[in-house]
$ cat protein27.txt   # compact mmCIF, C-alpha atoms
# COMPACT_ATOMS: atom_id res chain seq x y z
CA MET A 238 -7.18 36.21 7.79
CA THR A 239 -6.89 34.19 4.59
CA SER A 240 -5.58 30.64 5.02
CA GLN A 241 -3.12 29.00 2.68
CA PRO A 242 -4.00 25.59 1.17
CA GLY A 243 -3.54 22.93 3.83
CA GLN A 244 -3.64 25.50 6.64
CA ALA A 245 -6.36 25.56 9.28
CA PRO A 246 -8.68 28.60 8.93
CA GLY A 247 -7.84 31.44 11.27
CA THR A 248 -4.24 30.35 11.92
CA SER A 249 -1.08 32.14 10.92
CA PRO A 250 1.56 30.35 8.85
CA ASN A 251 4.16 32.33 10.82
CA LEU A 252 3.20 30.53 14.02
CA PHE A 253 3.32 27.09 12.45
CA LEU A 254 6.55 27.54 10.48
CA SER A 255 8.44 29.84 12.83
CA PRO A 256 10.60 27.08 14.42
CA PHE A 257 11.86 26.18 10.94
CA MET A 258 12.27 29.67 9.43
CA ALA A 259 16.07 29.57 9.38
CA GLN A 260 16.10 26.19 7.60
CA LEU A 261 13.47 27.29 5.09
CA GLN A 262 15.27 30.53 4.33
CA GLN A 263 18.44 28.55 3.72
CA GLN A 264 16.47 26.15 1.52
CA PHE A 265 14.75 28.77 -0.66
CA GLY A 266 17.17 31.71 -0.33
CA SER A 267 14.31 34.14 0.24
CA PHE A 268 11.32 32.80 2.14
CA ASP A 269 7.92 34.41 2.76
CA PRO A 270 5.77 32.23 5.10
CA ASN A 271 2.64 33.94 3.72
CA ASN A 272 3.41 32.70 0.23
CA VAL A 273 3.74 28.95 0.69
CA GLN A 274 1.45 25.96 0.69
CA THR A 275 1.44 23.38 3.48
CA ARG A 276 -0.19 19.98 3.17
CA ARG A 277 -0.22 16.60 4.89
CA ARG A 278 2.29 14.29 3.22
CA GLY A 279 3.67 10.85 3.86
CA TYR A 280 6.75 9.10 2.48
CA TYR A 281 7.21 5.35 2.77
CA SER A 282 9.84 2.76 1.99
CA PHE A 283 9.84 -1.05 2.26
CA VAL A 284 12.80 -3.42 2.05
CA ALA A 285 12.94 -7.20 1.95
CA TYR A 286 13.71 -9.08 5.16
CA PRO A 287 15.65 -12.26 4.31
CA ALA A 288 14.83 -15.46 6.15
CA ALA A 289 18.34 -15.55 7.63
CA GLY A 290 18.09 -12.00 8.95
CA GLN A 291 20.42 -9.06 8.32
CA SER A 292 22.40 -6.74 10.60
CA SER A 293 21.14 -3.48 9.06
CA PHE A 294 18.36 -2.31 6.74
CA THR A 295 18.47 1.05 4.93
CA PHE A 296 15.24 2.75 3.86
CA PHE A 297 14.47 5.54 1.36
CA SER A 298 17.49 4.70 -0.81
CA THR A 299 15.59 2.89 -3.59
CA THR A 300 13.45 5.07 -5.85
CA VAL A 301 10.15 4.41 -7.61
CA GLY A 302 12.01 3.96 -10.90
CA GLN A 303 14.22 1.30 -9.37
CA SER A 304 11.31 -0.44 -7.64
CA ASN A 305 7.55 0.26 -7.66
CA ARG A 306 4.97 2.30 -5.75
CA GLN A 307 4.01 -0.58 -3.52
CA LEU A 308 7.49 -0.45 -2.02
CA THR A 309 8.23 3.30 -2.06
CA ASN A 310 7.11 6.74 -3.23
CA ILE A 311 10.60 8.31 -3.16
CA GLN A 312 11.62 10.00 -6.42
CA ARG A 313 15.27 10.63 -5.50
CA SER A 314 17.44 8.36 -3.40
CA GLY A 315 17.79 9.81 0.09
CA HIS A 316 15.97 13.04 -0.81
CA LEU A 317 12.40 14.39 -0.63
CA ASP A 318 10.43 16.36 -3.21
CA ASN A 319 9.92 19.32 -0.86
CA PRO A 320 10.85 20.13 2.77
CA LEU A 321 8.93 17.91 5.19
CA ILE A 322 8.25 18.71 8.84
CA VAL A 323 8.17 15.21 10.33
CA LYS A 324 5.37 14.88 12.89
CA ALA A 325 5.11 11.07 13.24
CA ILE A 326 7.00 7.92 12.28
CA ARG A 327 5.42 4.51 11.71
CA THR A 328 6.82 1.05 11.05
CA ARG A 329 4.95 -1.36 8.81
CA TRP A 330 5.31 -4.80 7.27
CA TYR A 331 3.60 -7.04 4.77
CA ILE A 332 4.01 -10.40 3.07
CA ALA A 333 2.32 -11.34 -0.17
CA ASN A 334 1.04 -14.69 1.11
CA MET A 335 0.34 -15.23 4.81
CA ASN A 336 -0.30 -18.90 3.95
CA GLU A 337 -2.63 -19.39 6.92
CA LEU A 338 -3.51 -22.90 5.72
CA ALA A 339 0.08 -23.92 6.52
CA TRP A 340 -0.64 -23.77 10.28
CA SER A 341 0.48 -27.12 11.70
CA GLY A 342 0.94 -26.29 15.37
CA LEU A 343 4.62 -25.42 14.87
CA ASP A 344 6.18 -21.95 15.32
CA ALA A 345 7.64 -22.21 11.83
CA SER A 346 4.17 -22.33 10.29
CA THR A 347 2.81 -18.94 11.41
CA LEU A 348 4.11 -15.35 11.58
CA PHE A 349 2.60 -15.09 15.07
CA SER A 350 5.94 -16.24 16.48
CA ASP A 351 7.91 -13.52 14.67
CA ILE A 352 5.55 -10.78 15.85
CA VAL A 353 5.41 -11.77 19.52
CA ALA A 354 8.89 -13.25 20.00
CA GLY A 355 11.04 -12.51 16.95
CA LEU A 356 12.37 -9.73 14.75
CA PHE A 357 9.53 -7.30 15.58
CA GLN A 358 10.46 -7.29 19.28
CA VAL A 359 14.02 -6.01 18.87
CA GLY A 360 16.17 -3.70 16.75
CA VAL A 361 17.10 0.00 16.77
CA MET A 362 15.83 2.66 14.36
CA ARG A 363 18.11 5.58 13.51
CA VAL A 364 17.23 8.75 11.58
CA ILE A 365 20.22 10.64 10.18
CA ILE A 366 19.89 13.96 8.32
CA GLY A 367 23.10 15.08 6.67
CA SER A 368 25.72 13.95 9.14
CA LYS A 369 23.59 14.45 12.27
CA GLU A 370 21.65 11.72 14.04
CA TRP A 371 18.24 13.13 14.95
CA LEU A 372 16.59 10.08 16.42
CA GLN A 373 17.51 6.71 17.88
CA LEU A 374 14.58 4.51 18.86
CA PRO A 375 14.84 0.99 20.34
CA CYS A 376 12.28 -1.68 19.41
CA PRO A 377 10.82 0.49 16.62
CA PHE A 378 8.06 -1.97 15.68
CA LEU A 379 6.75 -1.72 19.25
CA TYR A 380 7.25 2.00 19.92
CA ALA A 381 6.47 3.25 16.40
CA PRO A 382 3.75 0.83 15.22
CA PRO A 383 1.39 1.42 12.28
CA GLY A 384 -1.15 3.16 14.54
CA TYR A 385 -4.01 3.29 12.02
CA GLY A 386 -6.86 1.27 13.51
CA SER A 387 -7.56 -1.61 15.87
CA PRO A 388 -5.40 -4.67 16.62
CA ARG A 389 -6.63 -8.12 15.65
CA THR A 390 -5.41 -11.25 17.42
CA LEU A 391 -6.35 -14.91 17.10
CA THR A 392 -4.89 -17.01 19.89
CA ALA A 393 -5.86 -20.57 19.00
CA GLY A 394 -7.85 -22.84 16.72
CA THR A 395 -7.40 -25.23 13.83
CA ARG A 396 -8.70 -25.44 10.32
CA THR A 397 -9.83 -29.01 10.82
CA ALA A 398 -12.10 -27.98 13.70
CA LEU A 399 -13.36 -25.05 11.62
CA ILE A 400 -12.77 -22.69 14.55
CA SER A 401 -10.22 -20.35 13.00
CA SER A 402 -6.88 -20.28 11.27
CA GLY A 403 -3.71 -20.67 13.32
CA PRO A 404 -2.72 -18.12 15.98
CA SER A 405 -1.89 -14.72 14.52
CA ALA A 406 -1.12 -11.22 15.73
CA LYS A 407 -0.56 -7.76 14.31
CA LEU A 408 1.38 -4.73 15.44
CA GLN A 409 -0.58 -2.19 17.47
CA ARG A 410 -2.84 -0.25 15.13
CA GLY A 411 -4.72 1.96 17.58
CA ARG A 412 -4.84 5.62 16.59
CA ASP A 413 -3.18 6.62 19.85
CA ALA A 414 -0.29 4.20 19.30
CA ALA A 415 1.58 6.21 16.67
CA PHE A 416 5.05 7.52 17.53
CA VAL A 417 4.62 11.31 17.59
CA VAL A 418 7.82 13.27 16.98
CA ASP A 419 7.96 16.06 19.56
CA PRO A 420 9.65 18.37 18.94
CA ALA A 421 9.23 17.86 15.21
CA PHE A 422 12.21 18.07 12.89
CA MET A 423 12.46 19.08 9.25
CA ILE A 424 14.09 17.30 6.32
CA GLY A 425 14.93 19.74 3.53
CA SER A 426 14.58 18.68 -0.10
CA ASP A 427 18.29 19.35 -0.62
CA GLN A 428 19.33 17.39 2.47
CA ASN A 429 20.44 13.81 2.23
CA PHE A 430 18.78 11.65 4.88
CA GLN A 431 18.84 8.04 5.92
CA VAL A 432 16.60 5.85 8.05
CA THR A 433 17.90 2.49 9.21
CA ILE A 434 16.75 -0.39 11.38
CA GLU A 435 19.71 -2.21 12.88
CA TYR A 436 20.13 -5.38 14.90
CA PRO A 437 23.37 -4.71 16.82
CA SER A 438 23.05 -7.82 18.99
CA GLY A 439 23.23 -10.10 15.95
CA LEU A 440 21.13 -11.49 13.14
CA VAL A 441 17.51 -12.30 13.91
CA PRO A 442 16.36 -15.05 11.53
CA ALA A 443 12.70 -15.38 10.66
CA ILE A 444 10.97 -18.01 12.78
CA ALA A 445 8.14 -18.63 10.32
CA THR A 446 10.27 -20.31 7.69
CA THR A 447 7.15 -21.82 6.14
CA GLN A 448 5.96 -18.30 5.19
CA VAL A 449 9.20 -16.37 4.72
CA THR A 450 10.62 -17.95 1.59
CA GLY A 451 12.02 -16.80 -1.71
CA ASN A 452 8.54 -16.90 -3.23
CA ALA A 453 6.83 -15.08 -0.35
CA VAL A 454 9.18 -12.28 0.72
CA LEU A 455 8.59 -10.53 4.03
CA TYR A 456 8.90 -6.74 3.72
CA ILE A 457 9.47 -4.29 6.56
CA GLY A 458 8.81 -0.59 6.09
CA ILE A 459 9.10 2.94 7.47
CA GLU A 460 6.63 5.78 6.94
CA LEU A 461 7.41 9.45 7.61
CA ASP A 462 4.20 11.39 8.25
CA GLY A 463 4.25 15.17 8.36
CA ILE A 464 3.63 18.55 6.78
CA GLU A 465 5.13 19.35 3.38
CA VAL A 466 6.10 22.94 2.67
CA ARG A 467 6.26 24.22 -0.91
CA PRO A 468 6.10 27.61 -2.64
CA VAL A 469 2.75 28.69 -4.10
CA GLN A 470 2.69 27.67 -7.75

$ encode --input "protein27.txt" --output "structure tokens"
Amino acid sequence: MTSQPGQAPGTSPNLFLSPFMAQLQQQFGSFDPNNVQTRRRGYYSFVAYPAAGQSSFTFFSTTVGQSNRQLTNIQRSGHLDNPLIVKAIRTRWYIANMNELAWSGLDASTLFSDIVAGLFQVGVMRVIIGSKEWLQLPCPFLYAPPGYGSPRTLTAGTRTALISSGPSAKLQRGRDAAFVVDPAFMIGSDQNFQVTIEYPSGLVPAIATTQVTGNAVLYIGIELDGIEVRPVQ
């Protein structure tokens, strides 16, 4: 049996795509599972987290043209390039300047406090496709962490003693920590979708006000990891 690009040798595309045949036929009008390409594909979106907090954050609404590729790879607001079978979801974050030299022994001088006792410990993630809510996940930064490698934690130390920087922590990055979507769901390229992280209990201000400032914005992000389906060119 001949495999399509992105398909494991010896497997049938019918078996892999069969749960989504009706959606794909509606998407393409006429759909032949033996005449498509499947490949691993990820879409990501980051938004700024203000120091004062915010009740809701919407992802995948800002395009590359409106922003840049560090913050997103979406070409159309709320739409994908091709149908994507979502297999895993990850949350991420970054800040341009961790400012580790600012550690003074206070919670406000290190992001450790936000990771272990702040905004990353709460919230609700919602995935809406069209008008249907497909997923609601509490504490998304804990249950859908980056899941790419190993965690790194420093629990104590000072610069003056030349032991280490201030205490720091990262979200779980073990390979087995990713949030696997089972059963998977598909987002069609013609379907409008929305991913939000909401704080229904109230605003959660950043604790590390020394780091999270107007000049060093904290960004939180969502990544959709899955299998893209597209016709053979």

$ closest_atom_pairs --input "protein27.txt" --of "range 337-368 of chain A" --to "range 402-422 of chain A" --cutoff "10 Å" --atoms "all atoms listed in the file" --output "CSV"
residue,atom,partner,partner_atom,distance
A:Glu337,CA,A:Ser402,CA,6.1
A:Leu338,CA,A:Ser402,CA,7.0
A:Ala339,CA,A:Gly403,CA,8.4
A:Trp340,CA,A:Gly403,CA,5.3
A:Ser341,CA,A:Gly403,CA,7.9
A:Gly342,CA,A:Gly403,CA,7.6
A:Leu343,CA,A:Gly403,CA,9.7
A:Asp344,CA,A:Pro404,CA,9.7
A:Ser346,CA,A:Gly403,CA,8.6
A:Thr347,CA,A:Gly403,CA,7.0
A:Leu348,CA,A:Ser405,CA,6.7
A:Phe349,CA,A:Ser405,CA,4.5
A:Ser350,CA,A:Ser405,CA,8.2
A:Asp351,CA,A:Ala406,CA,9.4
A:Ile352,CA,A:Ala406,CA,6.7
A:Val353,CA,A:Ala406,CA,7.6
A:Phe357,CA,A:Leu408,CA,8.5
A:Ile366,CA,A:Phe422,CA,9.8

$ closest_residue --input "protein27.txt" --among "A:Pro437, A:Pro383, A:Gly458, A:Pro442" --to "Val361 in chain A" --atoms "only C-alpha atoms"
A:Pro437

$ atom_distance --input "protein27.txt" --atom1 "CA of Asp427 in chain A" --atom2 "CA of Leu317 in chain A"
7.7 Å

$ residues_around --input "protein27.txt" --residues "Ala288 in chain A" --least-positions-apart "6" --cutoff "8 Å" --atoms "all atoms listed in the file" --output "PyMOL selection string"
chain A and resi 442-443+446+449-450

$ residues_near_point --input "protein27.txt" --point "(4.7, 8.4, 3.4)" --cutoff "8 Å" --atoms "only C-alpha atoms" --output "list in words"
Arg278, Gly279, Tyr280, Tyr281, Ser282, Asn310, Glu460, Leu461 and Asp462 of chain A

$ closest_residue --input "protein27.txt" --among "A:Gln431, A:Ile326, A:Gly367, A:Gln291" --to "Leu379 in chain A" --atoms "only C-alpha atoms"
A:Ile326
